[in-house]
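Quick notes on the structure that follows.
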Amino acid sequence: MRNFLFGAAVLLGAAAALPSFLAVEYYYFLGYTVLQLIVLATAWNILGGFAGYVNFGSGAFFAVGAYTAVALYKWLALPLGLQILAGAAMAGLLGLGVGLLTLRLRGIFFSIATIAITIILETVVLNWAYVGGAKGLPILRPTEIPLFDNYTQWLFFVMTAIAVVAVATARYIQSSWIGRGLRAIRDNEGAAECSGVPTLKLKLAAATVSGALMGAAGAPYAMLGSFIEPSSAFSLNHAVNALAMPIIGGTAHWIGPVIGAVLLGTVQQVVTVTISSEVNVLVVGVLLVVFVVAAPEGILGLVKKWRQPSSK
Amino acid sequence: MPYVAHPSFLVLGAYATYVVAGFGIDPLLAGLLLAPVFFVLGLGIYQFYYLTFERRGSDQGLRGIAFFFGIAFIVQVALILVFGVDQRLVDADYIGTSFEIFGDMRVPKRMVVAFGVALALTVGLAAYLARTFTGRAIKAVAQDEGALRLMGADPVRIKRWAFGIATATCAIAGALLIIIGPVDPNLDRLYIGRTFCVVVLAGLGSMSGTLVAGLILGIAESVVLTTAGTAWAPAVAFGILLVVLGVRPAGLFGR
């Protein structure tokens, strides 16, 4: 635990100090994107990897966070920190609702229900003129930023903090009784219930935390591009990334989604720059299928196998 | 089986029809010609799924779903890469003309054609599932694989066959899709909602229920389209789906 806290502190310090060495704004943009993927993947893994409920609706949580932040910024000009808290709270509420769905739905029907939620919310936002509807809404960033030279660097720091919180949460859940309960649900929900695991309470908690973290990842989204519109905020790519990265990294451990997000996020950025953004999306899809088929335990599973080649 | 890729194959069927119809073949005929190709494609996909997941016993839960989700995603992105995001359409004698009934009322011929073929296909499939040995075995495999094995039928072969038929249906349905209107690669997301809405509303495994459910969805979408405007239409199928899943997951005709 102490090592983890120390590492987190060092990371945050580095993110805060980085602007004095590196000034190119583009690198902060890249870093922000990868960090955002880490948060999404980690959040997805809390419900999907630990508890086995496959959420296809990550885009909905992300966009709820983003649009909550935008609406509050336009209405009350809230500062970024409060926007993120509000976005996380709204997305957490949505997560609670999704958690209630798990009462009746399992497997593929749960997944389809989360897609349904995404499309319905996207339609609502498309018809909501206050936040720009289908046209989108340009946003003026605040001109005064505490401590940092430009707004992208500040957002990079904020996202680093969110990522640290997300990973710390996943790590805590994994090692506590909550994680053990969720794993029991994943392996056999009926048996878990019979053995006295409070399955509903745990599922609701996992769905809420997962949703809130995704919302937090989405909240600063509009600030990054000074613009927001529904089709990119609700994009299927968020859902695919959030699902593919933990599976590629390994769902059993909190580090898995981080590995998957860092690797895949970097590859994506390289492919986007060198080839095209469509191919980059294709790469994620193909890698997802390849890993699911050939390395079901993800990169973590491969590493484990490589370390103990004899024991099977 | 967590087969979420079905709507993607529907859109793939529409695009395949577009390509074949480009050679001057009637789109409906093109769909029929493509059906055997899609049948083989379905057999292949199931065989792959069986070898990599079911035989290892890892088809339950996360990975099976992720596999089909990945396939669906690849199909969609591949279509975007090949055809771009523009809408595509086909041409035939019965597209763009209409029957006149009672002077002012007009019924587009393409709609009549699509309706007739879809009805024939549904009734044909229902009869196949209810009357033939293979058809009944397909219904049985969904209920109890072990019992089916005891009756002397191979559940894997039955499932592969069912998969082939389902995918072949996609070719014909895709042809109908591009006959009634232009298609674009992002259509599959909408059809995930429509497909599952109809299937769940009908009750899993009920073929006659799908006709009723399809009718209900169609009317609901038209009503919303005319009262609330086109922008709300996509939410209809998913809204109904969500309500049915939350209130009565067995659907209207399910047991």
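Naming works like this for the structure tokens: A, B, ... for the chains as they're shown, residue 1 at the start of each chain, ligands 1 onward in shown order.
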Which residues of chain B are close to chain A, meaning at most 7 Å apart when you count only C-alpha atoms, and how do they look as a PyMOL selection string?
-> chain B and resi 2+52+61-63+65+67+70+73-74+77+81+193+231-232+235+238-239+242+246
Could you give me, as a list in words, the residues within 9 Å of B:Gly251, counting only C-alpha atoms and dropping anything in the same chain fewer than 6 positions from it?
-> Val199, Val200, Leu201, Ala202, Gly203, Leu204, Gly209, Val244 and Leu245 of chain B
Would you save the residues from that selection as a JSON list (two decimals), in the first residue's frame, using C-alpha atoms?
[["chain", "number", "residue", "atom", "x", "y", "z"],
["B", 199, "VAL", "CA", -37.07, -10.91, -30.62],
["B", 200, "VAL", "CA", -37.43, -10.03, -26.94],
["B", 201, "LEU", "CA", -40.89, -8.52, -27.34],
["B", 202, "ALA", "CA", -42.01, -11.64, -29.17],
["B", 203, "GLY", "CA", -40.50, -13.94, -26.58],
["B", 204, "LEU", "CA", -37.40, -15.95, -27.39],
["B", 209, "GLY", "CA", -44.61, -13.72, -32.03],
["B", 244, "VAL", "CA", -39.75, -5.22, -21.99],
["B", 245, "LEU", "CA", -36.44, -6.36, -20.50]]
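Taking the backbone of this structure through DSSP, the residues of stretch 104-161 of chain B that come out as strand (DSSP E or B) are Met105, Arg106, Val107 and Pro108 of chain B.
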Residues at most 8 Å from B:Arg88, counting only C-alpha atoms, excluding those fewer than 2 positions away in the same chain, as a short mmCIF file (atom, residue, chain, number, x, y, z; two decimals) with N, CA and C atoms, in the first residue's frame?
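That gives us around-v3.cif:
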data_model
loop_
_atom_site.label_atom_id
_atom_site.label_comp_id
_atom_site.auth_asym_id
_atom_site.auth_seq_id
_atom_site.Cartn_x
_atom_site.Cartn_y
_atom_site.Cartn_z
N TYR B 18 -25.75 -4.67 -52.85
CA TYR B 18 -25.40 -3.48 -53.61
C TYR B 18 -24.32 -3.79 -54.64
N ASP B 86 -20.90 7.20 -46.94
CA ASP B 86 -22.03 7.67 -47.73
C ASP B 86 -23.12 6.61 -47.80
N VAL B 90 -29.91 0.94 -54.42
CA VAL B 90 -29.96 0.14 -55.64
C VAL B 90 -31.15 0.59 -56.48
N ILE B 178 -31.95 -2.77 -48.53
CA ILE B 178 -31.46 -1.78 -49.49
C ILE B 178 -32.52 -1.49 -50.54
N PRO B 182 -32.00 3.69 -48.72
CA PRO B 182 -30.53 3.68 -48.76
C PRO B 182 -29.95 3.16 -47.44
N VAL B 183 -28.75 2.54 -47.53
CA VAL B 183 -28.11 2.02 -46.32
C VAL B 183 -26.77 2.72 -46.10
N ASP B 184 -26.34 2.78 -44.83
CA ASP B 184 -24.98 3.22 -44.54
C ASP B 184 -24.41 2.33 -43.44
#
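Residues in contact with A:Tyr67 at up to 10 Å, not including ones fewer than 2 positions away on its chain and judged by only C-alpha atoms, are A:Phe61, A:Phe62, A:Ala63, A:Val64, A:Gly65, A:Ala69, A:Val70, A:Ala71, A:Leu72, A:Tyr73, A:Gln83, A:Gly87, A:Met90, A:Val125, A:Val131, A:Gly215, A:Gly218, A:Ala219, A:Pro220, A:Tyr221, A:Ala222, A:Ile228, A:Glu229, A:Pro230, A:Ala233.
Residues in contact range of B:Val156, defined as at most 10 Å between only C-alpha atoms, with sequence neighbours fewer than 5 positions away removed, read Tyr46, Gln47, Tyr50, Glu54, Arg55, Val141, Glu145, Arg149, Trp161 and Ala162 of chain B.
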Mind writing the picked residues with N, CA and C atoms as a PDB file, in the first residue's frame?
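Full text of selection15.pdb as output:
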ATOM      1  N   TYR B  46     -19.702 -20.202 -36.993  1.00  0.00           N
ATOM      2  CA  TYR B  46     -20.057 -21.035 -35.858  1.00  0.00           C
ATOM      3  C   TYR B  46     -18.960 -22.050 -35.570  1.00  0.00           C
ATOM      4  N   GLN B  47     -18.423 -22.665 -36.652  1.00  0.00           N
ATOM      5  CA  GLN B  47     -17.379 -23.672 -36.459  1.00  0.00           C
ATOM      6  C   GLN B  47     -16.201 -23.069 -35.691  1.00  0.00           C
ATOM      7  N   TYR B  50     -17.228 -22.508 -32.157  1.00  0.00           N
ATOM      8  CA  TYR B  50     -17.276 -23.780 -31.443  1.00  0.00           C
ATOM      9  C   TYR B  50     -15.873 -24.229 -31.041  1.00  0.00           C
ATOM     10  N   GLU B  54     -16.712 -22.884 -27.354  1.00  0.00           N
ATOM     11  CA  GLU B  54     -17.629 -23.867 -26.774  1.00  0.00           C
ATOM     12  C   GLU B  54     -16.913 -25.142 -26.362  1.00  0.00           C
ATOM     13  N   ARG B  55     -15.983 -25.598 -27.185  1.00  0.00           N
ATOM     14  CA  ARG B  55     -15.326 -26.862 -26.858  1.00  0.00           C
ATOM     15  C   ARG B  55     -14.454 -26.712 -25.629  1.00  0.00           C
ATOM     16  N   VAL B 141     -32.523 -27.619 -29.237  1.00  0.00           N
ATOM     17  CA  VAL B 141     -31.153 -27.407 -28.777  1.00  0.00           C
ATOM     18  C   VAL B 141     -31.088 -26.179 -27.861  1.00  0.00           C
ATOM     19  N   GLU B 145     -29.529 -29.181 -24.417  1.00  0.00           N
ATOM     20  CA  GLU B 145     -28.583 -29.845 -25.309  1.00  0.00           C
ATOM     21  C   GLU B 145     -28.395 -31.308 -24.962  1.00  0.00           C
ATOM     22  N   ARG B 149     -28.903 -34.715 -27.272  1.00  0.00           N
ATOM     23  CA  ARG B 149     -27.856 -35.697 -27.559  1.00  0.00           C
ATOM     24  C   ARG B 149     -28.386 -37.097 -27.290  1.00  0.00           C
ATOM     25  N   TRP B 161     -25.965 -25.617 -38.236  1.00  0.00           N
ATOM     26  CA  TRP B 161     -26.995 -25.503 -39.266  1.00  0.00           C
ATOM     27  C   TRP B 161     -27.861 -24.268 -39.001  1.00  0.00           C
ATOM     28  N   ALA B 162     -28.275 -24.099 -37.746  1.00  0.00           N
ATOM     29  CA  ALA B 162     -29.116 -22.952 -37.382  1.00  0.00           C
ATOM     30  C   ALA B 162     -28.392 -21.642 -37.669  1.00  0.00           C
TER      31      ALA B 162
END
